[in-house]
Amino acid sequence: MLPLKQLLCTPGVDPDYGFDLSPDGTKVAFAWNPTGRWEIYEAPIDGTVAPRQISNGPGAKFAPRYSPNGTRLAYAADFDGGENFHLFIFNLTQKRQADLTPNIGCALLPHFAWSPDGARIALLADRPGHFSVYTLPADGGDMQLVLDAGRPAWDVRWSPNGRWLAVEVDWRGQDHTIFLVSMVDGTTTQLVEDGVLLNAMHPAWSPDSQRLAFCADPHGWYDLGFYHLAGGVVEWASGGSGDDISPAWSAAGGLAYLHRHGALTRLAVRQPGEKIVYHQLGEGVHARPTFTPDGRQIVLTFNSPRWPNDLWRFTLADNRFCPLTRSWPATLPGESFIIPEEIYYPGLDGARIPALLYRPENSNAFSPAVVVIHGGPNWHVSVMWFPLMAHLAGRGWVVLAPNYRGSTGYGRAWQTANRFDLGGIDTQDCAAAALYLAREGLADPARIAVTGRSHGGYLTMTCLTQFPELWAAGSAVAPFLNWFTAHQNSRPDLQYWDLENMGDPRENYERWHQHSPFFFLEQIKAPVQLICGEHDPRCPPSEAVAAAQKLQALGRKVELLCYPDEGHVFLKLENLLDSELRRVSFLAAALENP
């Protein structure tokens with residue numbers, strides 16, 4: 001059995017908020033947790049010296065960004081898990097750090113960009129009730145509003161010539177849009193083609209600031225496009241099935257990006273005048289390709305079921321990958337890990353549901369099984385490092401992780417199929433996973449549990465209330481259960497997403513009520529575990545607390561774990577260990593000792 005505690009203690013480079021290369025291309029800065037705390041580290045690109053820790057003090061640190069002259073490093077710090085980030089500046093020469101936003105009074109996102117002259121930083125703050133774009137003097141001072149799109153902004157990129165900002169903004173439904181903001185006269189432009197607004201994301205400026213690379217899905221998959229500032233013309237560079245995402249330019253005009261189809265990714269490189277060449281470190285998740293300034297190498301992250309997220313260097317001259325960080329502990333035997341299969345199983349309406357199946361060698365029709373439901377819902381389970389699923393499969397349990405309708409990675413139609421039906425068709429797809437395991441003789445029908453985090457925690461509870469006969473137990477981590485109260489108590493940008501994807505609660509009262517498992521807890525037959533963080537801004541802890549109280553009043557078996565110093569994602573190792581070990585213990589009580 002793979003030891004869960006050791007798996008959870010295995011460090012990894014942060015996969016969410018990115019890393020940065022120094023302007024001279026000799027170093028890379030990144031967030032890493034080898035000590036159990038998220039801190040900023042710096043390492044040489046040539047791999048000759050071990051990474052050194054840069055940041056210190058309280059909080060978890062993410063998203064390092066070098067100043068244009070390389071003397072300073074900006075990063076974001078989250079003190080209590082509430083995602084109310086502060087912006088710090090570390091002076092690399094003086095070895096001193098300072099909080100630029102000590103009295104910010106609003107939430108910041110860990111997405112920001114230095115101006116090319118290093119004088120200001122563009123950042124996203126929810127001061128007007130949703131995340132808008134501001135600039136802040138790099139030496140401290142007052143924020144100046146640049147763009148309030150009336151909808152939540154998500155990312156910002158400053159053009160190399162300093163004349164433009166590219167801003168990614170939540171738009172309609174699950175779509176995004178890109179605004180171009182002139183830093184000369186304040187005028188704005190949205191990316192359109194033939195008068196049609198594009199669902200666009202991942203903006204990346206060309207070195208001469210004349211083109212903007214981006215990803216959009218006018219044909220059902222995300223294709224790579226270029227917006228020419230001269231004339232406002234859109235040129236498409238890719239097509240076909242699969243998503244092309246995360247573009248990055250080289251100084252000579254070459255392009256690197258990711259090709260994603262289902263559960264796997266590849267690195268794509270297109271040099272000027274040459275055909276696209278694909279590279280793959282292994283079957284896993286490649287992310288955030290970034291050229292070195294000389295264009296000869298690409299730095300990216302990679303993880304797989306047998307390897308935690310690490311930084312790698314890819315050299316174009318010889319097509320070789322080389323690790324820059326080594327998170328893997330020597331005491332973990334890689335051959336013991338079960339590699340998941342990407343399968344399809346029939347949904348309740350006959351649709352083909354993609355999923356990852358972890359099947360232990362000696363599993364049979366009498367084996368325990370767990371349906372693990374991912375969050376988002378705009379996300380999907382990939383062939384990736386996932387300690388919980390590795391441990392569950394290692395103890396002989398069958399694990400099935402559905403990429404239900406609403407998941408990314410399988411085209412626009414699949415991603416938007418649960419819009420205005422959250423908790424409906426996606427719940428049915430997850431319930432069909434349990435039926436598939438039983439029908440195909442992959443697991444004991446009486447010993448199938450369900451668990452998930454965030455939207456996966458919500459779907460855990462809808463599965464338990466809508467299909468109570470299928471489950472031996474359910475563990476919901478960071479769930480919400482009542483659309484009305486969760487919406488009311490969430491951050492404004494999350495409220496906007498609710499309205500766009502579930503409609504107005506007054507006009508669609510019945511939909512919101514029917515899709516709220518809180519009102520149907522009496523249907524539950526299996527033991528329930530609820531895990532939450534007290535500072536969670538996405539799925540308020542009051543949701544789990546209220547559900548636990550109601551389940552207790554109904555006489556149901558329920559366990560509530562609420563961590564007072566955590567948010568949506570548990571950032572403290574001791575809390576992560578405690579919560580995950582207790583989640584597995586709870587499931588084991590139902591599956592191994594029924």
# chains A, B, ... in the order shown; residues from 1 in each chain; ligands from 1
$ closest_atom_pairs --of "stretch 308-413 of chain A" --to "stretch 169-193 of chain A" --cutoff "10 Å" --atoms "only C-alpha atoms" --output "tab-separated table"
residue	atom	partner	partner_atom	distance
A:Asn378	CA	A:Gln174	CA	8.2
A:Gly406	CA	A:Gln174	CA	9.8
A:Arg412	CA	A:Gln174	CA	9.8
$ residues_around --residues "A:Trp32" --least-positions-apart "5" --cutoff "10 Å" --atoms "only C-alpha atoms" --output "MDAnalysis selection string"
chainID A and resid 11:15 37:42 51 53 60:62 309:310 325 327
$ write_last_selection --atoms "N, CA, C and O atoms" --output "compact mmCIF listing (two decimals), in the first residue's frame"
# COMPACT_ATOMS: atom_id res chain seq x y z
N PRO A 11 6.58 17.15 -1.85
CA PRO A 11 6.39 18.52 -2.32
C PRO A 11 6.13 18.57 -3.82
O PRO A 11 6.19 17.56 -4.52
N GLY A 12 5.85 19.76 -4.30
CA GLY A 12 5.65 19.97 -5.71
C GLY A 12 5.64 21.46 -6.01
O GLY A 12 5.27 22.28 -5.15
N VAL A 13 6.08 21.81 -7.19
CA VAL A 13 6.02 23.21 -7.64
C VAL A 13 4.55 23.57 -7.85
O VAL A 13 3.77 22.78 -8.39
N ASP A 14 4.17 24.78 -7.42
CA ASP A 14 2.78 25.21 -7.55
C ASP A 14 2.33 25.14 -9.01
O ASP A 14 2.95 25.75 -9.89
N PRO A 15 1.23 24.42 -9.30
CA PRO A 15 0.76 24.28 -10.68
C PRO A 15 -0.22 25.36 -11.12
O PRO A 15 -0.57 25.42 -12.30
N ARG A 37 5.64 24.36 3.78
CA ARG A 37 5.11 25.71 3.65
C ARG A 37 5.34 26.20 2.22
O ARG A 37 6.39 25.95 1.62
N TRP A 38 4.35 26.93 1.70
CA TRP A 38 4.50 27.49 0.35
C TRP A 38 5.34 28.75 0.42
O TRP A 38 4.92 29.76 0.99
N GLU A 39 6.54 28.70 -0.15
CA GLU A 39 7.45 29.83 -0.19
C GLU A 39 7.95 30.03 -1.63
O GLU A 39 7.80 29.15 -2.48
N ILE A 40 8.54 31.20 -1.87
CA ILE A 40 9.12 31.49 -3.18
C ILE A 40 10.58 31.04 -3.19
O ILE A 40 11.35 31.35 -2.26
N TYR A 41 10.95 30.31 -4.23
CA TYR A 41 12.31 29.82 -4.41
C TYR A 41 12.87 30.35 -5.72
O TYR A 41 12.12 30.75 -6.63
N GLU A 42 14.20 30.33 -5.82
CA GLU A 42 14.89 30.73 -7.04
C GLU A 42 15.94 29.67 -7.35
O GLU A 42 16.61 29.16 -6.44
N PRO A 51 17.88 24.91 -5.59
CA PRO A 51 17.04 26.09 -5.37
C PRO A 51 17.24 26.67 -3.98
O PRO A 51 17.49 25.94 -3.01
N GLN A 53 15.57 29.39 -1.00
CA GLN A 53 14.33 30.05 -0.59
C GLN A 53 14.53 31.55 -0.57
O GLN A 53 15.52 32.06 -0.04
N ALA A 60 1.11 31.87 2.84
CA ALA A 60 1.54 31.05 1.70
C ALA A 60 1.79 31.97 0.52
O ALA A 60 0.97 32.83 0.20
N LYS A 61 2.93 31.79 -0.16
CA LYS A 61 3.33 32.72 -1.22
C LYS A 61 3.27 32.05 -2.59
O LYS A 61 3.63 30.88 -2.74
N PHE A 62 2.83 32.84 -3.56
CA PHE A 62 2.62 32.31 -4.91
C PHE A 62 2.94 33.39 -5.96
O PHE A 62 3.12 34.55 -5.63
N ASN A 309 4.50 17.60 -9.39
CA ASN A 309 4.74 18.72 -10.29
C ASN A 309 6.13 19.30 -10.07
O ASN A 309 6.47 19.74 -8.97
N ASP A 310 6.94 19.31 -11.13
CA ASP A 310 8.29 19.85 -11.07
C ASP A 310 8.54 20.76 -12.27
O ASP A 310 7.83 20.69 -13.28
N THR A 325 13.84 21.11 -10.73
CA THR A 325 13.54 20.78 -9.34
C THR A 325 13.31 19.28 -9.25
O THR A 325 12.90 18.64 -10.22
N SER A 327 11.30 17.00 -6.76
CA SER A 327 10.42 16.85 -5.60
C SER A 327 10.25 15.40 -5.18
O SER A 327 9.76 15.13 -4.08
$ select_by_dssp --residues "stretch 377-473 of chain A" --states "strand (DSSP E or B)" --output "list in words"
Val398, Val399, Leu400, Ala401, Pro402, Ile448, Ala449, Val450, Thr451, Gly452, Arg453 and Ala473 of chain A
$ closest_residue --among "A:Trp236, A:Phe386, A:Tyr222, A:Trp158" --to "A:Ala204" --atoms "only C-alpha atoms"
A:Trp158
$ decode --residues "stretch 26-39 of chain A" --atoms "all heavy atoms" --output "PDB file, in the first residue's frame"
ATOM      1  N   THR A  26      18.868  33.573 -16.696  1.00  0.00           N
ATOM      2  CA  THR A  26      19.750  32.683 -15.935  1.00  0.00           C
ATOM      3  C   THR A  26      19.059  32.008 -14.766  1.00  0.00           C
ATOM      4  O   THR A  26      19.556  31.006 -14.252  1.00  0.00           O
ATOM      5  CB  THR A  26      20.966  33.460 -15.386  1.00  0.00           C
ATOM      6  OG1 THR A  26      20.504  34.480 -14.487  1.00  0.00           O
ATOM      7  CG2 THR A  26      21.755  34.099 -16.519  1.00  0.00           C
ATOM      8  N   LYS A  27      17.898  32.538 -14.316  1.00  0.00           N
ATOM      9  CA  LYS A  27      17.242  32.005 -13.115  1.00  0.00           C
ATOM     10  C   LYS A  27      15.741  31.867 -13.348  1.00  0.00           C
ATOM     11  O   LYS A  27      15.156  32.510 -14.224  1.00  0.00           O
ATOM     12  CB  LYS A  27      17.507  32.917 -11.910  1.00  0.00           C
ATOM     13  CG  LYS A  27      18.962  33.021 -11.503  1.00  0.00           C
ATOM     14  CD  LYS A  27      19.154  33.890 -10.279  1.00  0.00           C
ATOM     15  CE  LYS A  27      18.972  35.365 -10.613  1.00  0.00           C
ATOM     16  NZ  LYS A  27      20.042  35.889 -11.474  1.00  0.00           N
ATOM     17  N   VAL A  28      15.137  31.033 -12.506  1.00  0.00           N
ATOM     18  CA  VAL A  28      13.692  30.859 -12.514  1.00  0.00           C
ATOM     19  C   VAL A  28      13.195  30.975 -11.073  1.00  0.00           C
ATOM     20  O   VAL A  28      13.816  30.443 -10.145  1.00  0.00           O
ATOM     21  CB  VAL A  28      13.279  29.505 -13.134  1.00  0.00           C
ATOM     22  CG1 VAL A  28      13.933  28.333 -12.415  1.00  0.00           C
ATOM     23  CG2 VAL A  28      11.762  29.347 -13.159  1.00  0.00           C
ATOM     24  N   ALA A  29      12.096  31.702 -10.890  1.00  0.00           N
ATOM     25  CA  ALA A  29      11.477  31.844  -9.563  1.00  0.00           C
ATOM     26  C   ALA A  29      10.146  31.110  -9.576  1.00  0.00           C
ATOM     27  O   ALA A  29       9.406  31.153 -10.570  1.00  0.00           O
ATOM     28  CB  ALA A  29      11.277  33.322  -9.223  1.00  0.00           C
ATOM     29  N   PHE A  30       9.809  30.462  -8.453  1.00  0.00           N
ATOM     30  CA  PHE A  30       8.625  29.612  -8.415  1.00  0.00           C
ATOM     31  C   PHE A  30       8.180  29.410  -6.979  1.00  0.00           C
ATOM     32  O   PHE A  30       8.952  29.634  -6.028  1.00  0.00           O
ATOM     33  CB  PHE A  30       8.914  28.257  -9.069  1.00  0.00           C
ATOM     34  CG  PHE A  30      10.131  27.566  -8.528  1.00  0.00           C
ATOM     35  CD1 PHE A  30      10.025  26.597  -7.536  1.00  0.00           C
ATOM     36  CD2 PHE A  30      11.392  27.887  -9.011  1.00  0.00           C
ATOM     37  CE1 PHE A  30      11.140  25.966  -7.028  1.00  0.00           C
ATOM     38  CE2 PHE A  30      12.539  27.257  -8.499  1.00  0.00           C
ATOM     39  CZ  PHE A  30      12.416  26.292  -7.514  1.00  0.00           C
ATOM     40  N   ALA A  31       6.949  28.999  -6.784  1.00  0.00           N
ATOM     41  CA  ALA A  31       6.431  28.631  -5.465  1.00  0.00           C
ATOM     42  C   ALA A  31       6.589  27.125  -5.285  1.00  0.00           C
ATOM     43  O   ALA A  31       6.239  26.351  -6.179  1.00  0.00           O
ATOM     44  CB  ALA A  31       4.971  29.047  -5.327  1.00  0.00           C
ATOM     45  N   TRP A  32       7.090  26.736  -4.107  1.00  0.00           N
ATOM     46  CA  TRP A  32       7.423  25.328  -3.834  1.00  0.00           C
ATOM     47  C   TRP A  32       7.208  25.084  -2.346  1.00  0.00           C
ATOM     48  O   TRP A  32       7.219  26.031  -1.548  1.00  0.00           O
ATOM     49  CB  TRP A  32       8.878  25.098  -4.223  1.00  0.00           C
ATOM     50  CG  TRP A  32       9.320  23.686  -4.467  1.00  0.00           C
ATOM     51  CD1 TRP A  32       8.564  22.634  -4.872  1.00  0.00           C
ATOM     52  CD2 TRP A  32      10.667  23.202  -4.362  1.00  0.00           C
ATOM     53  NE1 TRP A  32       9.349  21.509  -5.039  1.00  0.00           N
ATOM     54  CE2 TRP A  32      10.648  21.841  -4.727  1.00  0.00           C
ATOM     55  CE3 TRP A  32      11.875  23.780  -4.005  1.00  0.00           C
ATOM     56  CZ2 TRP A  32      11.787  21.043  -4.737  1.00  0.00           C
ATOM     57  CZ3 TRP A  32      13.023  22.989  -4.018  1.00  0.00           C
ATOM     58  CH2 TRP A  32      12.984  21.637  -4.388  1.00  0.00           C
ATOM     59  N   ASN A  33       6.999  23.834  -1.953  1.00  0.00           N
ATOM     60  CA  ASN A  33       6.705  23.534  -0.545  1.00  0.00           C
ATOM     61  C   ASN A  33       7.503  22.361   0.020  1.00  0.00           C
ATOM     62  O   ASN A  33       6.941  21.476   0.677  1.00  0.00           O
ATOM     63  CB  ASN A  33       5.209  23.275  -0.376  1.00  0.00           C
ATOM     64  CG  ASN A  33       4.727  22.073  -1.185  1.00  0.00           C
ATOM     65  OD1 ASN A  33       5.390  21.619  -2.112  1.00  0.00           O
ATOM     66  ND2 ASN A  33       3.571  21.551  -0.829  1.00  0.00           N
ATOM     67  N   PRO A  34       8.812  22.299  -0.200  1.00  0.00           N
ATOM     68  CA  PRO A  34       9.580  21.166   0.341  1.00  0.00           C
ATOM     69  C   PRO A  34       9.620  21.124   1.861  1.00  0.00           C
ATOM     70  O   PRO A  34       9.865  20.067   2.446  1.00  0.00           O
ATOM     71  CB  PRO A  34      10.981  21.376  -0.250  1.00  0.00           C
ATOM     72  CG  PRO A  34      11.055  22.827  -0.546  1.00  0.00           C
ATOM     73  CD  PRO A  34       9.670  23.222  -0.948  1.00  0.00           C
ATOM     74  N   THR A  35       9.364  22.256   2.522  1.00  0.00           N
ATOM     75  CA  THR A  35       9.343  22.284   3.989  1.00  0.00           C
ATOM     76  C   THR A  35       7.930  22.122   4.535  1.00  0.00           C
ATOM     77  O   THR A  35       7.736  22.121   5.759  1.00  0.00           O
ATOM     78  CB  THR A  35       9.910  23.615   4.510  1.00  0.00           C
ATOM     79  OG1 THR A  35       9.033  24.690   4.119  1.00  0.00           O
ATOM     80  CG2 THR A  35      11.296  23.880   3.949  1.00  0.00           C
ATOM     81  N   GLY A  36       6.947  21.985   3.652  1.00  0.00           N
ATOM     82  CA  GLY A  36       5.553  21.943   4.075  1.00  0.00           C
ATOM     83  C   GLY A  36       4.881  23.291   4.030  1.00  0.00           C
ATOM     84  O   GLY A  36       3.665  23.388   4.213  1.00  0.00           O
ATOM     85  N   ARG A  37       5.641  24.358   3.778  1.00  0.00           N
ATOM     86  CA  ARG A  37       5.112  25.712   3.646  1.00  0.00           C
ATOM     87  C   ARG A  37       5.338  26.203   2.223  1.00  0.00           C
ATOM     88  O   ARG A  37       6.389  25.946   1.625  1.00  0.00           O
ATOM     89  CB  ARG A  37       5.811  26.677   4.620  1.00  0.00           C
ATOM     90  CG  ARG A  37       5.495  26.445   6.087  1.00  0.00           C
ATOM     91  CD  ARG A  37       6.398  27.310   6.965  1.00  0.00           C
ATOM     92  NE  ARG A  37       6.353  28.714   6.553  1.00  0.00           N
ATOM     93  CZ  ARG A  37       5.491  29.608   7.042  1.00  0.00           C
ATOM     94  NH1 ARG A  37       4.598  29.241   7.946  1.00  0.00           N
ATOM     95  NH2 ARG A  37       5.530  30.868   6.656  1.00  0.00           N
ATOM     96  N   TRP A  38       4.353  26.925   1.696  1.00  0.00           N
ATOM     97  CA  TRP A  38       4.503  27.485   0.354  1.00  0.00           C
ATOM     98  C   TRP A  38       5.339  28.755   0.421  1.00  0.00           C
ATOM     99  O   TRP A  38       4.924  29.763   0.987  1.00  0.00           O
ATOM    100  CB  TRP A  38       3.135  27.787  -0.253  1.00  0.00           C
ATOM    101  CG  TRP A  38       2.396  26.564  -0.688  1.00  0.00           C
ATOM    102  CD1 TRP A  38       1.349  25.973  -0.062  1.00  0.00           C
ATOM    103  CD2 TRP A  38       2.668  25.777  -1.847  1.00  0.00           C
ATOM    104  NE1 TRP A  38       0.938  24.852  -0.749  1.00  0.00           N
ATOM    105  CE2 TRP A  38       1.731  24.713  -1.854  1.00  0.00           C
ATOM    106  CE3 TRP A  38       3.599  25.853  -2.880  1.00  0.00           C
ATOM    107  CZ2 TRP A  38       1.706  23.745  -2.864  1.00  0.00           C
ATOM    108  CZ3 TRP A  38       3.573  24.883  -3.882  1.00  0.00           C
ATOM    109  CH2 TRP A  38       2.641  23.848  -3.867  1.00  0.00           C
ATOM    110  N   GLU A  39       6.543  28.697  -0.152  1.00  0.00           N
ATOM    111  CA  GLU A  39       7.452  29.834  -0.193  1.00  0.00           C
ATOM    112  C   GLU A  39       7.949  30.034  -1.632  1.00  0.00           C
ATOM    113  O   GLU A  39       7.803  29.151  -2.479  1.00  0.00           O
ATOM    114  CB  GLU A  39       8.655  29.612   0.736  1.00  0.00           C
ATOM    115  CG  GLU A  39       8.313  29.434   2.202  1.00  0.00           C
ATOM    116  CD  GLU A  39       7.900  30.724   2.901  1.00  0.00           C
ATOM    117  OE1 GLU A  39       7.947  31.806   2.254  1.00  0.00           O
ATOM    118  OE2 GLU A  39       7.522  30.660   4.087  1.00  0.00           O
TER     119      GLU A  39
END
